[in-house]
Each structure stands twice: as C-alpha cells, then as structure tokens.
Amino acid sequence: MTVYNFIEIYNETFKYIEKEYGAEAVKDLWQTISAQWCVHLDDLVREKGLEGMVEYWAGNGGTLGREKAVYEISLQDGVLAGIMHKCPSVGELIERNRKIYHGELNYCNHCLALYGPVANRYSFEMLWNIDTDEAGRCTGKCSWTSYKK
Amino acid sequence: MAPIREWFGVYNIIYRWFEQRYGKKALEEYWKYIAQNCFSEILNRFSTGIVGVRDYLSETFDKDGGEYLSTIKGDSLIFEVTKCPDYDFMNSVFNINFKPIEDYCKHHEIFNSALAEKAGYSFCMAECNHKGQCKWVFEKTNQ
C-alpha cells in the first residue's frame with residue numbers, strides 16, 4: 001500500500017496490537033522499529049552526538065522538514081531543545097477524522113520509544129513532554145530535550 | 001502529508017515483527033483488520049467505477065515512483081506492476097531490515113480484495129514473482 005496511508009495504518013496498528021496482544025506488545029513493536037529503522041539516527045548520534053540529532057530532524061533533508069512539521073530546534077550549552085507546534089502525523093489523523101490511538105499507551109508515546117533508546121545508547125538523556133487534552137489525548141504539540149548524562 | 005519513502009521499510013519491519021512474534025496467520029489477521037479499518041478515501045475512489053479504480057492506482061503508483069501498465073476491458077481492469085515502488089525502495093537502501101519478507105506482497109492481495117469487494121468488484125493477484133512485478137485483475141461482480 002502507498003506510503004500516503006502510512007500514518008493511518010500506523011495508528012490503527014497500535015490500536016490493534018494493544019487490543020489483541022496488550023500494551024507490552026506495542027512497546028515491543030516500538031523497540032523493534034527503533035532498532036531496525038532508526039539506523040540513520042543511530043549513525044548520526046554516534047558520529048556527531050547532539051549535532052547529529054539536530055541534523056536528523058532539522059538538517060538539510062531532515063525528517064521534520066520533509067514531513068512539513070511546524071517546529072523549533074535549538075542546541076545551546078549542550079542541551080538540545082525541540083518544540084513541536086504542529087505534529088504532521090497527529091495533524092493528518094485529525095484531518096482524516098481518525099480516532100487517535102489512546103489506550104494504556106498513546107500515539108505520541110511512540111516518538112520517545114523510537115528515539116529514546118538511540119540517545120541512551122550513546123549516553124544521552126532524552127525527555128519528552130507531550131501535550132494532551134482534558135481526555136488525555138495527543139494534541140499534536142510536544143517538546144523534548146536531550147543532553148549528555 | 002509529505003510521503004517518506006522509508007515508510008515502505010517500516011511496513012516491512014511491522015510485518016516481520018508480526019510474523020516472528022505471532023506467526024503468518026496473525027499477520028494475515030492484522031492485514032484483514034487494517035483492510036477493514038482504513039482506506040475510506042480509497043474506497044470512495046473505487047466506488048466510482050472501474051475507471052476510478054484505475055485512476056486511483058495510477059495516481060498512487062505515479063506518486064510513489066512505481067511503473068505499471070493498465071488495461072480496461074468493459075468492467076474489468078488489468079493492472080500490471082512492472083516496478084513496485086515498495087520493492088524498488090527496499091532494494092535500493094542498505095538496511096538489512098528492509099529486505100522484504102517472503103509474503104510481503106500478500107498484503108496487496110488482502111487490502112485490494114477487501115476494497116474491491118466493498119466496491120462491487122472481485123480482485124485476483126493473477127501473477128506475482130515476489131520481486132516487484134505482479135498482475136492485478138479487478139472484475140465487476142454481479143451484485
């Protein structure tokens with residue numbers, strides 16, 4: 001199926017796995033995706049540390065630019081700070097009128113689950129603050145920081 | 001939303017994860033769930049008739065960088081994939097995890113069958129070499 005349906009499928013995948021196999025299985029899938037897909041981020045962090053993270057998200061051809069996210073990233077005094085004003089994938093789910101995964105885990109947890117282990121592998125802390133509505137659902141806004149442990 | 005071609009590889013990682021953790025049957029059950037719970041916009045296109053099916057497939061293959069031949073005969077469509085964008089991408093990058101699983105193409109069969117059935121068509125994967133070339137046949141059913 002086309003990549004244009006990816007976010008919709010991704011979101012439904014998390015719902016299905018939690019329903020059929022439980023939240024631990026969702027975490028297991030995220031660990032697998034982190035290990036098997038985030039190899040480019042891994043290369044960049046290993047070689048360049050926090051600068052590599054900036055390059056991954058915000059550099060020329062960076063993922064957030066390609067996904068047309070509205071965001072800010074800064075790197076100052078050894079601390080990377082990112083602010084997501086408008087998450088493209090949450091935005092797409094809302095636009096498509098999809099119910100965003102919200103169970104024991106929620107859709108937005110996948111970002112930390114994917115990127116956190118890569119940062120930790122090279123002794124960087126990564127913290128994520130996800131904005132949710134009154135019902136605890138992702139709003140498409142978040143912020144994250146990373147720094148050397 | 002902008003397409004990220006690496007997502008073809010993530011599809012493959014998810015499929016392999018299902019197969020390794022829970023088996024082939026579980027993977028097929030997952031595909032059936034996705035087929036029933038996603039793609040409402042595609043179904044709208046399919047429901048406009050066989051030209052709508054062809055136009056949707058042509059547009060997505062063009063956008064994804066695939067190549068194909070399409071022939072409409074009456075209420076039937078033969079859509080021959082000569083370059084599958086999924087395979088093309090996964091074979092072009094150096095990531096061992098993007099090596100397509102043996103049954104990768106089966107998801108097309110399950111997704112297309114579900115969409116076709118809802119739109120009043122049958123779907124048959126008439127040919128598939130599991131290397132990025134296949135032939136899809138959609139035919140109007142009598143319902």
# chains A, B, ... in the order shown; residues from 1 in each chain; ligands from 1
$ residues_around --residues "stretch 43-57 of chain B" --least-positions-apart "3" --cutoff "10 Å" --atoms "only C-alpha atoms" --output "PyMOL selection string"
(chain A and resi 2) or (chain B and resi 38-40+60-63+68+70-79+112+114-121+138-140)
$ write_last_selection --atoms "N, CA and C atoms" --output "PDB file, in the first residue's frame"
ATOM      1  N   THR A   2       0.348   2.278  -0.538  1.00  0.00           N
ATOM      2  CA  THR A   2       1.132   3.502  -0.706  1.00  0.00           C
ATOM      3  C   THR A   2       1.599   4.102   0.633  1.00  0.00           C
TER       4      THR A   2
ATOM      5  N   CYS B  38      -9.196   0.904   7.580  1.00  0.00           N
ATOM      6  CA  CYS B  38      -8.516   2.038   6.951  1.00  0.00           C
ATOM      7  C   CYS B  38      -9.041   2.202   5.521  1.00  0.00           C
ATOM      8  N   PHE B  39      -8.524   3.173   4.838  1.00  0.00           N
ATOM      9  CA  PHE B  39      -8.723   3.324   3.387  1.00  0.00           C
ATOM     10  C   PHE B  39     -10.110   3.809   2.969  1.00  0.00           C
ATOM     11  N   SER B  40     -10.803   4.556   3.809  1.00  0.00           N
ATOM     12  CA  SER B  40     -12.140   5.020   3.405  1.00  0.00           C
ATOM     13  C   SER B  40     -12.069   5.917   2.166  1.00  0.00           C
ATOM     14  N   THR B  60      -1.446   6.795  -7.466  1.00  0.00           N
ATOM     15  CA  THR B  60      -0.585   6.446  -6.327  1.00  0.00           C
ATOM     16  C   THR B  60       0.734   5.837  -6.796  1.00  0.00           C
ATOM     17  N   PHE B  61       0.682   5.035  -7.851  1.00  0.00           N
ATOM     18  CA  PHE B  61       1.940   4.486  -8.357  1.00  0.00           C
ATOM     19  C   PHE B  61       2.817   5.604  -8.928  1.00  0.00           C
ATOM     20  N   ASP B  62       2.192   6.572  -9.580  1.00  0.00           N
ATOM     21  CA  ASP B  62       2.977   7.712 -10.092  1.00  0.00           C
ATOM     22  C   ASP B  62       3.631   8.467  -8.934  1.00  0.00           C
ATOM     23  N   LYS B  63       2.848   8.720  -7.883  1.00  0.00           N
ATOM     24  CA  LYS B  63       3.378   9.483  -6.744  1.00  0.00           C
ATOM     25  C   LYS B  63       4.469   8.714  -6.011  1.00  0.00           C
ATOM     26  N   TYR B  68       3.873   0.845 -14.277  1.00  0.00           N
ATOM     27  CA  TYR B  68       2.762  -0.083 -14.458  1.00  0.00           C
ATOM     28  C   TYR B  68       2.194   0.041 -15.864  1.00  0.00           C
ATOM     29  N   SER B  70      -1.794  -0.442 -17.540  1.00  0.00           N
ATOM     30  CA  SER B  70      -3.176  -0.702 -17.155  1.00  0.00           C
ATOM     31  C   SER B  70      -4.056  -0.835 -18.392  1.00  0.00           C
ATOM     32  N   THR B  71      -4.978  -1.790 -18.326  1.00  0.00           N
ATOM     33  CA  THR B  71      -5.895  -2.027 -19.434  1.00  0.00           C
ATOM     34  C   THR B  71      -7.295  -2.218 -18.884  1.00  0.00           C
ATOM     35  N   ILE B  72      -8.229  -1.462 -19.415  1.00  0.00           N
ATOM     36  CA  ILE B  72      -9.633  -1.655 -19.036  1.00  0.00           C
ATOM     37  C   ILE B  72     -10.339  -2.361 -20.188  1.00  0.00           C
ATOM     38  N   LYS B  73     -11.050  -3.442 -19.836  1.00  0.00           N
ATOM     39  CA  LYS B  73     -11.892  -4.135 -20.825  1.00  0.00           C
ATOM     40  C   LYS B  73     -13.271  -4.259 -20.204  1.00  0.00           C
ATOM     41  N   GLY B  74     -14.199  -3.471 -20.672  1.00  0.00           N
ATOM     42  CA  GLY B  74     -15.536  -3.483 -20.092  1.00  0.00           C
ATOM     43  C   GLY B  74     -15.476  -3.066 -18.640  1.00  0.00           C
ATOM     44  N   ASP B  75     -15.935  -3.953 -17.762  1.00  0.00           N
ATOM     45  CA  ASP B  75     -15.914  -3.659 -16.325  1.00  0.00           C
ATOM     46  C   ASP B  75     -14.720  -4.305 -15.628  1.00  0.00           C
ATOM     47  N   SER B  76     -13.708  -4.658 -16.393  1.00  0.00           N
ATOM     48  CA  SER B  76     -12.528  -5.299 -15.800  1.00  0.00           C
ATOM     49  C   SER B  76     -11.295  -4.407 -15.976  1.00  0.00           C
ATOM     50  N   LEU B  77     -10.408  -4.539 -15.012  1.00  0.00           N
ATOM     51  CA  LEU B  77      -9.145  -3.804 -15.082  1.00  0.00           C
ATOM     52  C   LEU B  77      -7.994  -4.783 -14.866  1.00  0.00           C
ATOM     53  N   ILE B  78      -7.057  -4.747 -15.794  1.00  0.00           N
ATOM     54  CA  ILE B  78      -5.800  -5.480 -15.577  1.00  0.00           C
ATOM     55  C   ILE B  78      -4.735  -4.429 -15.275  1.00  0.00           C
ATOM     56  N   PHE B  79      -4.147  -4.531 -14.106  1.00  0.00           N
ATOM     57  CA  PHE B  79      -3.135  -3.567 -13.670  1.00  0.00           C
ATOM     58  C   PHE B  79      -1.837  -4.338 -13.453  1.00  0.00           C
ATOM     59  N   ASN B 112      -6.483  -5.160  -1.368  1.00  0.00           N
ATOM     60  CA  ASN B 112      -7.249  -4.934  -2.603  1.00  0.00           C
ATOM     61  C   ASN B 112      -8.519  -5.768  -2.644  1.00  0.00           C
ATOM     62  N   ALA B 114     -10.373  -6.692  -0.111  1.00  0.00           N
ATOM     63  CA  ALA B 114     -11.375  -6.083   0.781  1.00  0.00           C
ATOM     64  C   ALA B 114     -11.977  -4.836   0.153  1.00  0.00           C
ATOM     65  N   LEU B 115     -11.122  -4.003  -0.422  1.00  0.00           N
ATOM     66  CA  LEU B 115     -11.623  -2.775  -1.051  1.00  0.00           C
ATOM     67  C   LEU B 115     -12.493  -3.100  -2.265  1.00  0.00           C
ATOM     68  N   ALA B 116     -12.038  -4.038  -3.075  1.00  0.00           N
ATOM     69  CA  ALA B 116     -12.785  -4.409  -4.284  1.00  0.00           C
ATOM     70  C   ALA B 116     -14.149  -4.967  -3.910  1.00  0.00           C
ATOM     71  N   GLU B 117     -14.172  -5.823  -2.929  1.00  0.00           N
ATOM     72  CA  GLU B 117     -15.443  -6.438  -2.528  1.00  0.00           C
ATOM     73  C   GLU B 117     -16.452  -5.370  -2.086  1.00  0.00           C
ATOM     74  N   LYS B 118     -15.975  -4.422  -1.286  1.00  0.00           N
ATOM     75  CA  LYS B 118     -16.881  -3.363  -0.821  1.00  0.00           C
ATOM     76  C   LYS B 118     -17.380  -2.496  -1.984  1.00  0.00           C
ATOM     77  N   ALA B 119     -16.563  -2.390  -3.026  1.00  0.00           N
ATOM     78  CA  ALA B 119     -16.931  -1.535  -4.161  1.00  0.00           C
ATOM     79  C   ALA B 119     -17.653  -2.311  -5.264  1.00  0.00           C
ATOM     80  N   GLY B 120     -17.877  -3.614  -5.036  1.00  0.00           N
ATOM     81  CA  GLY B 120     -18.598  -4.403  -6.035  1.00  0.00           C
ATOM     82  C   GLY B 120     -17.723  -5.053  -7.085  1.00  0.00           C
ATOM     83  N   TYR B 121     -16.486  -5.324  -6.713  1.00  0.00           N
ATOM     84  CA  TYR B 121     -15.550  -5.976  -7.632  1.00  0.00           C
ATOM     85  C   TYR B 121     -14.923  -7.192  -6.963  1.00  0.00           C
ATOM     86  N   PHE B 138      -9.068  -6.765 -11.537  1.00  0.00           N
ATOM     87  CA  PHE B 138     -10.328  -6.377 -10.883  1.00  0.00           C
ATOM     88  C   PHE B 138     -11.460  -6.654 -11.861  1.00  0.00           C
ATOM     89  N   GLU B 139     -12.497  -7.328 -11.390  1.00  0.00           N
ATOM     90  CA  GLU B 139     -13.655  -7.600 -12.258  1.00  0.00           C
ATOM     91  C   GLU B 139     -14.940  -7.270 -11.516  1.00  0.00           C
ATOM     92  N   LYS B 140     -15.874  -6.708 -12.250  1.00  0.00           N
ATOM     93  CA  LYS B 140     -17.170  -6.370 -11.665  1.00  0.00           C
ATOM     94  C   LYS B 140     -17.880  -7.657 -11.257  1.00  0.00           C
TER      95      LYS B 140
END
$ residues_around --residues "A:Thr132" --least-positions-apart "6" --cutoff "10 Å" --atoms "only C-alpha atoms" --output "CSV table (one decimal) with C-alpha atoms, in the first residue's frame"
chain,number,residue,atom,x,y,z
A,108,CYS,CA,2.6,10.2,20.8
A,138,CYS,CA,-2.5,13.9,22.0
A,139,THR,CA,-2.9,17.4,20.6
A,140,GLY,CA,0.0,17.3,18.2
A,141,LYS,CA,2.1,19.6,20.4
A,142,CYS,CA,5.1,18.4,22.4
$ interface_residues --of "chain A" --to "chain B" --cutoff "9 Å" --atoms "only C-alpha atoms" --output "list of chain:residue names"
A:Met1, A:Thr2, A:Val3, A:Tyr4, A:Asn5, A:Phe6, A:Glu8, A:Ile9, A:Tyr10, A:Glu12, A:Thr13, A:Tyr16, A:Ile17, A:Leu29, A:Thr32, A:Ile33, A:Gln36, A:Trp37, A:Val39, A:Thr63, A:Arg66, A:Glu67, A:Lys68, A:Pro88, A:Ser89, A:Gly91, A:Glu92, A:Arg96
$ write_last_selection --atoms "N, CA and C atoms" --output "CSV table (one decimal), in the first residue's frame"
chain,number,residue,atom,x,y,z
A,1,MET,N,0.9,-1.2,0.0
A,1,MET,CA,0.0,0.0,0.0
A,1,MET,C,0.9,1.2,0.0
A,2,THR,N,0.3,2.3,-0.5
A,2,THR,CA,1.1,3.5,-0.7
A,2,THR,C,1.6,4.1,0.6
A,3,VAL,N,2.7,4.8,0.6
A,3,VAL,CA,3.2,5.5,1.8
A,3,VAL,C,2.2,6.6,2.3
A,4,TYR,N,1.3,7.0,1.4
A,4,TYR,CA,0.4,8.1,1.7
A,4,TYR,C,-0.6,7.6,2.8
A,5,ASN,N,-0.7,6.3,3.0
A,5,ASN,CA,-1.6,5.8,4.0
A,5,ASN,C,-0.9,5.4,5.3
A,6,PHE,N,0.4,5.7,5.3
A,6,PHE,CA,1.2,5.1,6.4
A,6,PHE,C,0.7,5.6,7.8
A,8,GLU,N,-2.1,6.6,8.9
A,8,GLU,CA,-3.4,6.0,9.2
A,8,GLU,C,-3.2,4.5,9.6
A,9,ILE,N,-2.4,3.8,8.9
A,9,ILE,CA,-2.1,2.4,9.2
A,9,ILE,C,-1.3,2.3,10.5
A,10,TYR,N,-0.3,3.1,10.7
A,10,TYR,CA,0.5,3.1,11.9
A,10,TYR,C,-0.4,3.2,13.1
A,12,GLU,N,-3.7,2.7,13.4
A,12,GLU,CA,-4.5,1.5,13.6
A,12,GLU,C,-3.8,0.3,14.1
A,13,THR,N,-2.5,0.2,13.6
A,13,THR,CA,-1.7,-0.9,14.0
A,13,THR,C,-1.5,-0.9,15.6
A,16,TYR,N,-4.7,-2.0,17.2
A,16,TYR,CA,-5.0,-3.4,17.0
A,16,TYR,C,-4.1,-4.3,17.9
A,17,ILE,N,-2.8,-3.9,18.0
A,17,ILE,CA,-1.9,-4.7,18.8
A,17,ILE,C,-2.2,-4.6,20.3
A,29,LEU,N,6.9,-3.8,19.8
A,29,LEU,CA,7.0,-3.3,18.4
A,29,LEU,C,7.8,-2.1,18.2
A,32,THR,N,11.4,-2.7,18.4
A,32,THR,CA,11.8,-3.3,17.2
A,32,THR,C,12.0,-2.3,16.1
A,33,ILE,N,11.0,-1.4,15.9
A,33,ILE,CA,11.2,-0.3,14.9
A,33,ILE,C,12.4,0.6,15.2
A,36,GLN,N,15.5,-1.3,14.3
A,36,GLN,CA,15.7,-1.7,12.9
A,36,GLN,C,15.5,-0.6,11.9
A,37,TRP,N,14.8,0.5,12.3
A,37,TRP,CA,14.5,1.6,11.4
A,37,TRP,C,15.4,2.8,11.7
A,39,VAL,N,18.3,3.5,12.1
A,39,VAL,CA,19.8,3.3,12.0
A,39,VAL,C,20.5,4.5,11.5
A,63,THR,N,14.1,14.9,8.8
A,63,THR,CA,12.7,14.3,8.7
A,63,THR,C,11.6,15.3,9.0
A,66,ARG,N,10.9,17.4,5.9
A,66,ARG,CA,10.3,16.6,4.9
A,66,ARG,C,8.8,16.3,5.2
A,67,GLU,N,8.5,16.2,6.5
A,67,GLU,CA,7.1,15.9,6.9
A,67,GLU,C,6.3,17.2,7.0
A,68,LYS,N,7.0,18.3,6.8
A,68,LYS,CA,6.4,19.6,6.9
A,68,LYS,C,5.8,19.9,8.3
A,88,PRO,N,3.0,16.7,12.2
A,88,PRO,CA,2.3,16.4,11.0
A,88,PRO,C,1.5,15.1,11.0
A,89,SER,N,1.9,14.1,11.8
A,89,SER,CA,1.2,12.9,11.8
A,89,SER,C,-0.1,13.0,12.6
A,91,GLY,N,-1.6,15.7,13.0
A,91,GLY,CA,-2.5,16.6,12.2
A,91,GLY,C,-3.2,15.8,11.1
A,92,GLU,N,-2.5,14.9,10.5
A,92,GLU,CA,-3.1,14.1,9.5
A,92,GLU,C,-4.2,13.2,10.0
A,96,ARG,N,-8.0,13.4,8.8
A,96,ARG,CA,-8.7,12.3,8.2
A,96,ARG,C,-9.8,11.8,9.1
$ residues_around --residues "B:Asn129" --least-positions-apart "2" --cutoff "12 Å" --atoms "only C-alpha atoms" --output "number ranges by chain"
B: 80-84, 87, 102-106, 125-127, 131-135
$ select_by_dssp --residues "chain A" --states "strand (DSSP E)" --output "VMD selection string"
chain A and resid 70 to 76 79 to 86 124 to 132 138 to 148
$ residues_around --residues "A:Glu51" --least-positions-apart "4" --cutoff "8 Å" --atoms "only C-alpha atoms" --output "PyMOL selection string"
chain A and resi 45+55+75
$ write_last_selection --atoms "N, CA and C atoms" --output "PDB file, in the first residue's frame"
ATOM      1  N   VAL A  45      24.015  10.095  15.650  1.00  0.00           N
ATOM      2  CA  VAL A  45      24.270  10.346  17.083  1.00  0.00           C
ATOM      3  C   VAL A  45      25.627   9.771  17.474  1.00  0.00           C
ATOM      4  N   GLU A  55      20.746  17.377  13.073  1.00  0.00           N
ATOM      5  CA  GLU A  55      20.818  17.095  11.630  1.00  0.00           C
ATOM      6  C   GLU A  55      19.701  16.136  11.206  1.00  0.00           C
ATOM      7  N   LEU A  75      20.143  24.143  19.895  1.00  0.00           N
ATOM      8  CA  LEU A  75      21.193  23.415  20.614  1.00  0.00           C
ATOM      9  C   LEU A  75      22.089  24.467  21.273  1.00  0.00           C
TER      10      LEU A  75
END
$ select_by_dssp --residues "stretch 53-123 of chain B" --states "helix (DSSP H, G or I)" --output "MDAnalysis selection string"
chainID B and resid 53:64 85:90 96:98 106:119
$ residues_around --residues "A:Leu105" --least-positions-apart "4" --cutoff "9 Å" --atoms "only C-alpha atoms" --output "PDB file with C-alpha atoms, in the first residue's frame"
ATOM      1  CA  GLU A  18      -2.931  -3.351  22.172  1.00  0.00           C
ATOM      2  CA  ALA A  23       0.340  -2.737  25.673  1.00  0.00           C
ATOM      3  CA  VAL A  26       3.026  -2.309  21.446  1.00  0.00           C
ATOM      4  CA  LYS A  27       6.188  -1.426  23.369  1.00  0.00           C
ATOM      5  CA  TYR A 101      -4.607   5.715  19.463  1.00  0.00           C
ATOM      6  CA  ASN A 109       4.467   7.790  23.086  1.00  0.00           C
ATOM      7  CA  HIS A 110       5.968   6.151  20.014  1.00  0.00           C
TER       8      HIS A 110
END
$ atom_distance --atom1 "atom CA of A:Tyr107" --atom2 "atom CA of A:Val90"
8.3 Å
$ residues_around --residues "A:His85" --least-positions-apart "2" --cutoff "7 Å" --atoms "only C-alpha atoms" --output "PDB file with N, CA and C atoms, in the first residue's frame"
ATOM      1  N   VAL A  70       5.675  21.894  11.877  1.00  0.00           N
ATOM      2  CA  VAL A  70       5.925  23.258  12.358  1.00  0.00           C
ATOM      3  C   VAL A  70       6.640  23.084  13.699  1.00  0.00           C
ATOM      4  N   TYR A  71       7.914  23.450  13.740  1.00  0.00           N
ATOM      5  CA  TYR A  71       8.714  23.091  14.916  1.00  0.00           C
ATOM      6  C   TYR A  71       9.873  24.065  15.100  1.00  0.00           C
ATOM      7  N   ILE A  83      10.734  21.932  20.048  1.00  0.00           N
ATOM      8  CA  ILE A  83       9.317  22.243  20.317  1.00  0.00           C
ATOM      9  C   ILE A  83       8.528  21.905  19.059  1.00  0.00           C
ATOM     10  N   CYS A  87       2.371  18.788  14.969  1.00  0.00           N
ATOM     11  CA  CYS A  87       2.891  17.473  14.553  1.00  0.00           C
ATOM     12  C   CYS A  87       2.188  17.041  13.265  1.00  0.00           C
ATOM     13  N   LYS A 141       1.107  18.625  19.897  1.00  0.00           N
ATOM     14  CA  LYS A 141       2.131  19.552  20.394  1.00  0.00           C
ATOM     15  C   LYS A 141       2.966  18.834  21.447  1.00  0.00           C
TER      16      LYS A 141
END
$ residues_around --residues "A:Val118" --least-positions-apart "3" --cutoff "12 Å" --atoms "only C-alpha atoms" --output "short mmCIF file (atom, residue, chain, number, x, y, z; two decimals) with C-alpha atoms, in the first residue's frame"
data_model
loop_
_atom_site.label_atom_id
_atom_site.label_comp_id
_atom_site.auth_asym_id
_atom_site.auth_seq_id
_atom_site.Cartn_x
_atom_site.Cartn_y
_atom_site.Cartn_z
CA GLN A 31 11.55 -1.28 20.35
CA THR A 32 11.84 -3.31 17.17
CA ILE A 33 11.15 -0.32 14.93
CA SER A 34 13.67 1.73 16.91
CA ALA A 35 16.36 -0.90 16.50
CA GLN A 36 15.65 -1.74 12.88
CA TRP A 37 14.54 1.57 11.36
CA CYS A 38 16.36 4.29 13.30
CA VAL A 39 19.75 3.26 11.96
CA HIS A 40 20.36 6.62 10.27
CA LEU A 41 19.71 8.48 13.52
CA ASP A 42 21.95 5.97 15.27
CA ASP A 43 24.78 6.71 12.82
CA LEU A 44 24.38 10.45 13.27
CA VAL A 45 24.27 10.35 17.08
CA ARG A 46 27.23 8.01 17.25
CA GLY A 49 26.17 13.46 19.26
CA LEU A 50 23.54 16.15 19.77
CA GLY A 52 23.63 14.55 14.82
CA MET A 53 20.15 14.68 16.34
CA CYS A 111 8.38 9.05 19.41
CA LEU A 112 10.19 8.66 22.72
CA ALA A 113 10.02 4.87 22.35
CA LEU A 114 11.74 5.08 18.97
CA TYR A 115 14.29 7.84 19.58
CA ARG A 121 22.85 4.03 23.62
CA TYR A 122 25.30 6.93 23.39
CA SER A 123 24.76 8.18 26.95
CA PHE A 124 22.32 10.95 26.13
CA GLU A 125 19.23 11.55 28.22
CA MET A 126 16.08 12.24 26.25
CA SER A 146 18.33 15.83 25.19
#
$ atom_distance --atom1 "atom CA of A:Glu134" --atom2 "atom CA of A:Ile73"
27.0 Å
$ atom_distance --atom1 "atom CA of A:Ser143" --atom2 "atom CA of A:Lys19"
28.6 Å
